[in-house]
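Structure data (PDB, C-alpha atoms) from work-v3.pdb:
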MODEL        1
ATOM      1  CA  MET A  91       8.740   7.718  29.188
ATOM      2  CA  GLY A  92       6.194  10.041  27.483
ATOM      3  CA  ARG A  93       8.473  11.014  24.604
ATOM      4  CA  PHE A  94       9.537   7.391  24.120
ATOM      5  CA  SER A  95       5.955   6.080  24.069
ATOM      6  CA  GLY A  96       5.017   8.849  21.618
ATOM      7  CA  LEU A  97       7.853   7.837  19.319
ATOM      8  CA  MET A  98       6.809   4.192  19.591
ATOM      9  CA  SER A  99       3.243   5.035  18.515
ATOM     10  CA  VAL A 100       4.634   6.968  15.547
ATOM     11  CA  LEU A 101       6.818   4.031  14.501
ATOM     12  CA  LEU A 102       3.931   1.580  14.929
ATOM     13  CA  ALA A 103       1.675   3.771  12.796
ATOM     14  CA  LEU A 104       4.278   3.934  10.036
ATOM     15  CA  SER A 105       4.783   0.181  10.095
ATOM     16  CA  SER A 106       1.048  -0.613  10.066
ATOM     17  CA  GLY A 107       0.892  -0.280   6.295
ATOM     18  CA  ALA A 108      -2.376   1.691   6.205
ATOM     19  CA  SER A 109      -1.690   4.979   4.476
ATOM     20  CA  ALA A 110      -3.507   7.947   2.981
ATOM     21  CA  THR A 111      -2.704   9.786  -0.238
ATOM     22  CA  GLU A 112      -3.067  13.288   1.215
ATOM     23  CA  LEU A 113      -3.974  15.195   4.360
ATOM     24  CA  PRO A 114      -7.615  16.269   4.824
ATOM     25  CA  LEU A 115      -6.819  19.982   4.633
ATOM     26  CA  MET A 116      -7.565  22.707   2.105
ATOM     27  CA  ARG A 117      -4.645  23.217  -0.211
ATOM     28  CA  GLY A 118      -3.173  26.688  -0.334
ATOM     29  CA  PHE A 119      -1.488  29.200   1.919
ATOM     30  CA  TYR A 120      -1.221  28.817   5.684
ATOM     31  CA  VAL A 121       0.415  31.181   8.141
ATOM     32  CA  ASP A 122       1.894  30.465  11.566
ATOM     33  CA  THR A 123      -0.734  31.145  14.241
ATOM     34  CA  SER A 124       1.610  33.649  15.879
ATOM     35  CA  THR A 125       0.767  36.156  13.135
ATOM     36  CA  THR A 126      -2.158  37.263  10.996
ATOM     37  CA  CYS A 127      -2.709  36.550   7.310
ATOM     38  CA  SER A 128      -2.152  40.221   6.437
ATOM     39  CA  ASN A 129       1.235  40.182   8.215
ATOM     40  CA  ALA A 130       2.531  36.953   6.624
ATOM     41  CA  SER A 131       6.188  36.779   5.628
ATOM     42  CA  ASN A 132       8.630  34.182   4.318
ATOM     43  CA  ALA A 133       9.296  33.270   7.949
ATOM     44  CA  THR A 134       5.636  32.519   8.761
ATOM     45  CA  LEU A 135       4.087  31.381   5.463
ATOM     46  CA  PHE A 136       3.521  27.824   4.201
ATOM     47  CA  LEU A 137       2.071  26.501   0.954
ATOM     48  CA  LEU A 138       0.278  23.177   1.420
ATOM     49  CA  GLN A 139       0.092  21.102  -1.730
ATOM     50  CA  ARG A 140      -1.287  17.598  -2.248
ATOM     51  CA  ASP A 141       2.027  15.924  -1.462
ATOM     52  CA  GLN A 142       4.273  18.708  -0.140
ATOM     53  CA  LEU A 143       4.590  21.504   2.355
ATOM     54  CA  VAL A 144       6.656  24.480   1.216
ATOM     55  CA  ALA A 145       7.843  26.624   4.129
ATOM     56  CA  GLY A 146       8.105  30.170   2.773
ATOM     57  CA  GLY A 147      11.040  30.186   0.436
ATOM     58  CA  ARG A 148      13.087  28.138   2.873
ATOM     59  CA  GLU A 149      12.332  24.462   2.473
ATOM     60  CA  ILE A 150      10.265  21.923   0.570
ATOM     61  CA  CYS A 151       9.146  18.789   2.402
ATOM     62  CA  THR A 152       7.595  15.997   0.331
ATOM     63  CA  PHE A 153       5.180  13.594   2.007
ATOM     64  CA  ALA A 154       6.700  10.156   1.434
ATOM     65  CA  GLN A 155       4.025   8.432   3.527
ATOM     66  CA  ILE A 156       0.887   9.583   5.353
ATOM     67  CA  VAL A 157      -0.502   7.214   7.984
ATOM     68  CA  PRO A 158      -3.816   8.105   9.683
ATOM     69  CA  LYS A 159      -3.942   7.434  13.427
ATOM     70  CA  ASP A 160      -7.564   8.614  13.542
ATOM     71  CA  SER A 161      -9.605  11.285  11.724
ATOM     72  CA  ARG A 162      -7.555  14.161  13.184
ATOM     73  CA  HIS A 163      -4.061  12.732  13.675
ATOM     74  CA  PHE A 164      -1.663  11.684  10.933
ATOM     75  CA  VAL A 165       1.901  10.457  11.039
ATOM     76  CA  VAL A 166       3.772  11.837   8.042
ATOM     77  CA  ASN A 167       7.146  10.687   6.837
ATOM     78  CA  GLU A 168       8.524  13.906   5.312
ATOM     79  CA  VAL A 169      11.550  14.033   3.048
ATOM     80  CA  CYS A 170      12.918  17.569   3.153
ATOM     81  CA  GLU A 171      15.674  19.360   1.299
ATOM     82  CA  THR A 172      17.697  20.315   4.386
ATOM     83  CA  VAL A 173      16.888  17.311   6.571
ATOM     84  CA  ARG A 174      16.992  13.992   4.786
ATOM     85  CA  GLU A 175      13.923  12.477   6.392
ATOM     86  CA  MET A 176      11.827  13.087   9.475
ATOM     87  CA  VAL A 177       8.654  11.740  11.011
ATOM     88  CA  VAL A 178       6.140  14.436  11.922
ATOM     89  CA  GLU A 179       2.763  14.042  13.607
ATOM     90  CA  TRP A 180       0.121  16.312  12.071
ATOM     91  CA  THR A 181      -3.003  17.205  14.057
ATOM     92  CA  ILE A 182      -6.005  18.695  12.285
ATOM     93  CA  GLU A 183      -7.177  21.241  14.854
ATOM     94  CA  GLY A 184     -10.275  22.355  12.963
ATOM     95  CA  GLU A 185     -11.337  23.735   9.617
ATOM     96  CA  GLY A 186      -8.175  25.103   8.032
ATOM     97  CA  ARG A 187      -5.930  24.673  11.098
ATOM     98  CA  PHE A 188      -3.163  22.195  11.811
ATOM     99  CA  SER A 189      -0.204  21.634  14.070
ATOM    100  CA  ARG A 190       2.976  19.661  13.370
ATOM    101  CA  THR A 191       4.854  17.937  16.188
ATOM    102  CA  TYR A 192       8.373  16.643  15.683
ATOM    103  CA  ALA A 193       9.999  13.671  17.438
ATOM    104  CA  ASN A 194      11.855  16.058  19.785
ATOM    105  CA  GLY A 195       8.484  17.423  21.019
ATOM    106  CA  GLU A 196       8.729  20.769  19.228
ATOM    107  CA  SER A 197       5.405  21.871  17.767
ATOM    108  CA  HIS A 198       4.159  24.560  15.368
ATOM    109  CA  SER A 199       0.608  25.540  14.413
ATOM    110  CA  ALA A 200      -0.747  27.203  11.286
ATOM    111  CA  GLN A 201      -4.068  28.478   9.963
ATOM    112  CA  PHE A 202      -5.416  28.698   6.415
ATOM    113  CA  CYS A 203      -5.295  32.124   4.783
ATOM    114  CA  PRO A 204      -7.333  33.007   1.705
ATOM    115  CA  GLN A 205      -4.861  34.261  -0.861
ATOM    116  CA  SER A 206      -6.651  37.627  -1.088
ATOM    117  CA  SER A 207      -5.864  38.252   2.620
ATOM    118  CA  LEU A 208      -2.087  37.943   2.164
ATOM    119  CA  PRO A 209       0.354  40.787   1.476
ATOM    120  CA  GLU A 210       2.196  41.080  -1.814
ATOM    121  CA  PRO A 211       3.802  39.200  -3.478
ATOM    122  CA  TRP A 212       1.694  36.198  -2.378
ATOM    123  CA  ARG A 213      -1.690  37.864  -2.878
ATOM    124  CA  ASN A 214      -1.446  37.829  -6.659
ATOM    125  CA  ASN A 215       0.817  34.830  -7.316
ATOM    126  CA  ASP A 216      -0.863  32.250  -9.518
ATOM    127  CA  ILE A 217      -0.630  29.043  -7.484
ATOM    128  CA  SER A 218      -3.401  27.145  -9.265
ATOM    129  CA  ASP A 219      -1.010  24.591 -10.768
ATOM    130  CA  ARG A 220       0.583  23.951  -7.352
ATOM    131  CA  ILE A 221      -2.634  23.244  -5.426
ATOM    132  CA  ARG A 222      -4.447  20.944  -7.876
TER     133      ARG A 222
ENDMDL
END
Encoded form using structure tokens:
Amino acid sequence: MGRFSGLMSVLLALSSGASATELPLMRGFYVDTSTTCSNASNATLFLLQRDQLVAGGREICTFAQIVPKDSRHFVVNEVCETVREMVVEWTIEGEGRFSRTYANGESHSAQFCPQSSLPEPWRNNDISDRIR
């Protein structure tokens, strides 16, 4: 029943009509919490933009709709390159930290990394146009 009621709350949030234009997170690089910023790799690195999340060099997910549940929880309808569309619940866990939970219950967490703390080639990439 728990997974079903969670899915129902996600669907209700999406149908409520109230939406946000972006998530209340700093734009820039994030790394999976299982590693440190200095050990980031394509497998653990994300680039959060105003309307997209780029997972390393693997996938780009565009935020089609962002629906706030409260100040820390957001239901995001993501349209990704490899998966047509999926609903993901984002939880803001603190300053520069978030987790994403999928409908199947799988969850991943990430933390903000100042660009200067990342290894090459990300440390010196100019991402200013991507995080405006």
### Residues within 10 Å of (4.6, 22.7, 12.8), file coords, all atoms listed in the file, listed as an NGL selection string
:A and (122 or 178-181 or 188-192 or 196-200)
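Residue nearest Val177 of chain A, chosen from A:Thr126, A:Gln201, A:Thr152, A:Ser161 and counting only C-alpha atoms: A:Thr152.
On the file presented, the PyMOL selection byres ((chain A and resi 156) around 6) picks out Ser109, Ala110, Gln155, Val157, Val165 and Val166 of chain A.
Residues within 9 Å of Pro209 of chain A, counting all atoms listed in the file and excluding same-chain residues fewer than 6 positions away, are Cys127, Ser128, Asn129, Ala130 and Ser131 of chain A.
Going from atom CA of Gly184 of chain A over to atom CA of Leu115 of chain A, you cover 9.3 Å.
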With N, CA, C and O atoms as the target, complete segment 122-144 of chain A and hand it back as a tab-separated table (two decimals), in the coordinates of the input.
chain	number	residue	atom	x	y	z
A	122	ASP	N	1.68	30.82	10.17
A	122	ASP	CA	1.89	30.46	11.57
A	122	ASP	C	0.87	31.20	12.42
A	122	ASP	O	0.59	32.38	12.19
A	123	THR	N	0.31	30.53	13.41
A	123	THR	CA	-0.73	31.14	14.24
A	123	THR	C	-0.23	32.30	15.10
A	123	THR	O	-1.02	33.00	15.71
A	124	SER	N	1.07	32.52	15.12
A	124	SER	CA	1.61	33.65	15.88
A	124	SER	C	1.44	34.98	15.14
A	124	SER	O	1.76	36.03	15.68
A	125	THR	N	0.94	34.93	13.92
A	125	THR	CA	0.77	36.16	13.14
A	125	THR	C	-0.57	36.12	12.41
A	125	THR	O	-1.28	35.11	12.45
A	126	THR	N	-0.92	37.20	11.76
A	126	THR	CA	-2.16	37.26	11.00
A	126	THR	C	-1.85	37.06	9.51
A	126	THR	O	-0.72	37.23	9.07
A	127	CYS	N	-2.89	36.75	8.75
A	127	CYS	CA	-2.71	36.55	7.31
A	127	CYS	C	-2.12	37.80	6.67
A	127	CYS	O	-1.22	37.71	5.83
A	128	SER	N	-2.61	38.98	7.06
A	128	SER	CA	-2.15	40.22	6.44
A	128	SER	C	-0.71	40.58	6.78
A	128	SER	O	-0.10	41.41	6.13
A	129	ASN	N	-0.16	39.94	7.82
A	129	ASN	CA	1.24	40.18	8.22
A	129	ASN	C	2.16	39.01	7.88
A	129	ASN	O	3.26	38.92	8.41
A	130	ALA	N	1.72	38.12	6.99
A	130	ALA	CA	2.53	36.95	6.62
A	130	ALA	C	3.85	37.39	6.01
A	130	ALA	O	3.95	38.46	5.39
A	131	SER	N	4.86	36.54	6.20
A	131	SER	CA	6.19	36.78	5.63
A	131	SER	C	6.80	35.43	5.26
A	131	SER	O	6.22	34.38	5.58
A	132	ASN	N	7.96	35.44	4.63
A	132	ASN	CA	8.63	34.18	4.32
A	132	ASN	C	8.85	33.35	5.57
A	132	ASN	O	8.88	32.12	5.51
A	133	ALA	N	9.03	33.98	6.70
A	133	ALA	CA	9.30	33.27	7.95
A	133	ALA	C	8.06	32.59	8.53
A	133	ALA	O	8.18	31.67	9.33
A	134	THR	N	6.86	33.04	8.15
A	134	THR	CA	5.64	32.52	8.76
A	134	THR	C	4.69	31.84	7.78
A	134	THR	O	3.68	31.29	8.18
A	135	LEU	N	5.00	31.86	6.50
A	135	LEU	CA	4.09	31.38	5.46
A	135	LEU	C	4.43	29.97	4.99
A	135	LEU	O	5.60	29.62	4.86
A	136	PHE	N	3.40	29.18	4.73
A	136	PHE	CA	3.52	27.82	4.20
A	136	PHE	C	2.58	27.68	3.01
A	136	PHE	O	1.51	28.28	3.00
A	137	LEU	N	2.96	26.86	2.05
A	137	LEU	CA	2.07	26.50	0.95
A	137	LEU	C	1.86	25.00	1.02
A	137	LEU	O	2.79	24.22	0.83
A	138	LEU	N	0.62	24.60	1.34
A	138	LEU	CA	0.28	23.18	1.42
A	138	LEU	C	-0.22	22.72	0.06
A	138	LEU	O	-1.18	23.27	-0.48
A	139	GLN	N	0.47	21.72	-0.47
A	139	GLN	CA	0.09	21.10	-1.73
A	139	GLN	C	-0.38	19.68	-1.44
A	139	GLN	O	-0.36	19.25	-0.29
A	140	ARG	N	-0.79	18.96	-2.45
A	140	ARG	CA	-1.29	17.60	-2.25
A	140	ARG	C	-0.25	16.72	-1.56
A	140	ARG	O	-0.55	15.98	-0.64
A	141	ASP	N	1.01	16.82	-1.98
A	141	ASP	CA	2.03	15.92	-1.46
A	141	ASP	C	3.26	16.64	-0.92
A	141	ASP	O	4.31	16.03	-0.74
A	142	GLN	N	3.13	17.94	-0.64
A	142	GLN	CA	4.27	18.71	-0.14
A	142	GLN	C	3.82	19.85	0.75
A	142	GLN	O	2.71	20.35	0.63
A	143	LEU	N	4.74	20.27	1.59
A	143	LEU	CA	4.59	21.50	2.36
A	143	LEU	C	5.82	22.35	2.05
A	143	LEU	O	6.95	21.92	2.27
A	144	VAL	N	5.58	23.55	1.53
A	144	VAL	CA	6.66	24.48	1.22
A	144	VAL	C	6.65	25.54	2.31
A	144	VAL	O	5.64	26.23	2.50
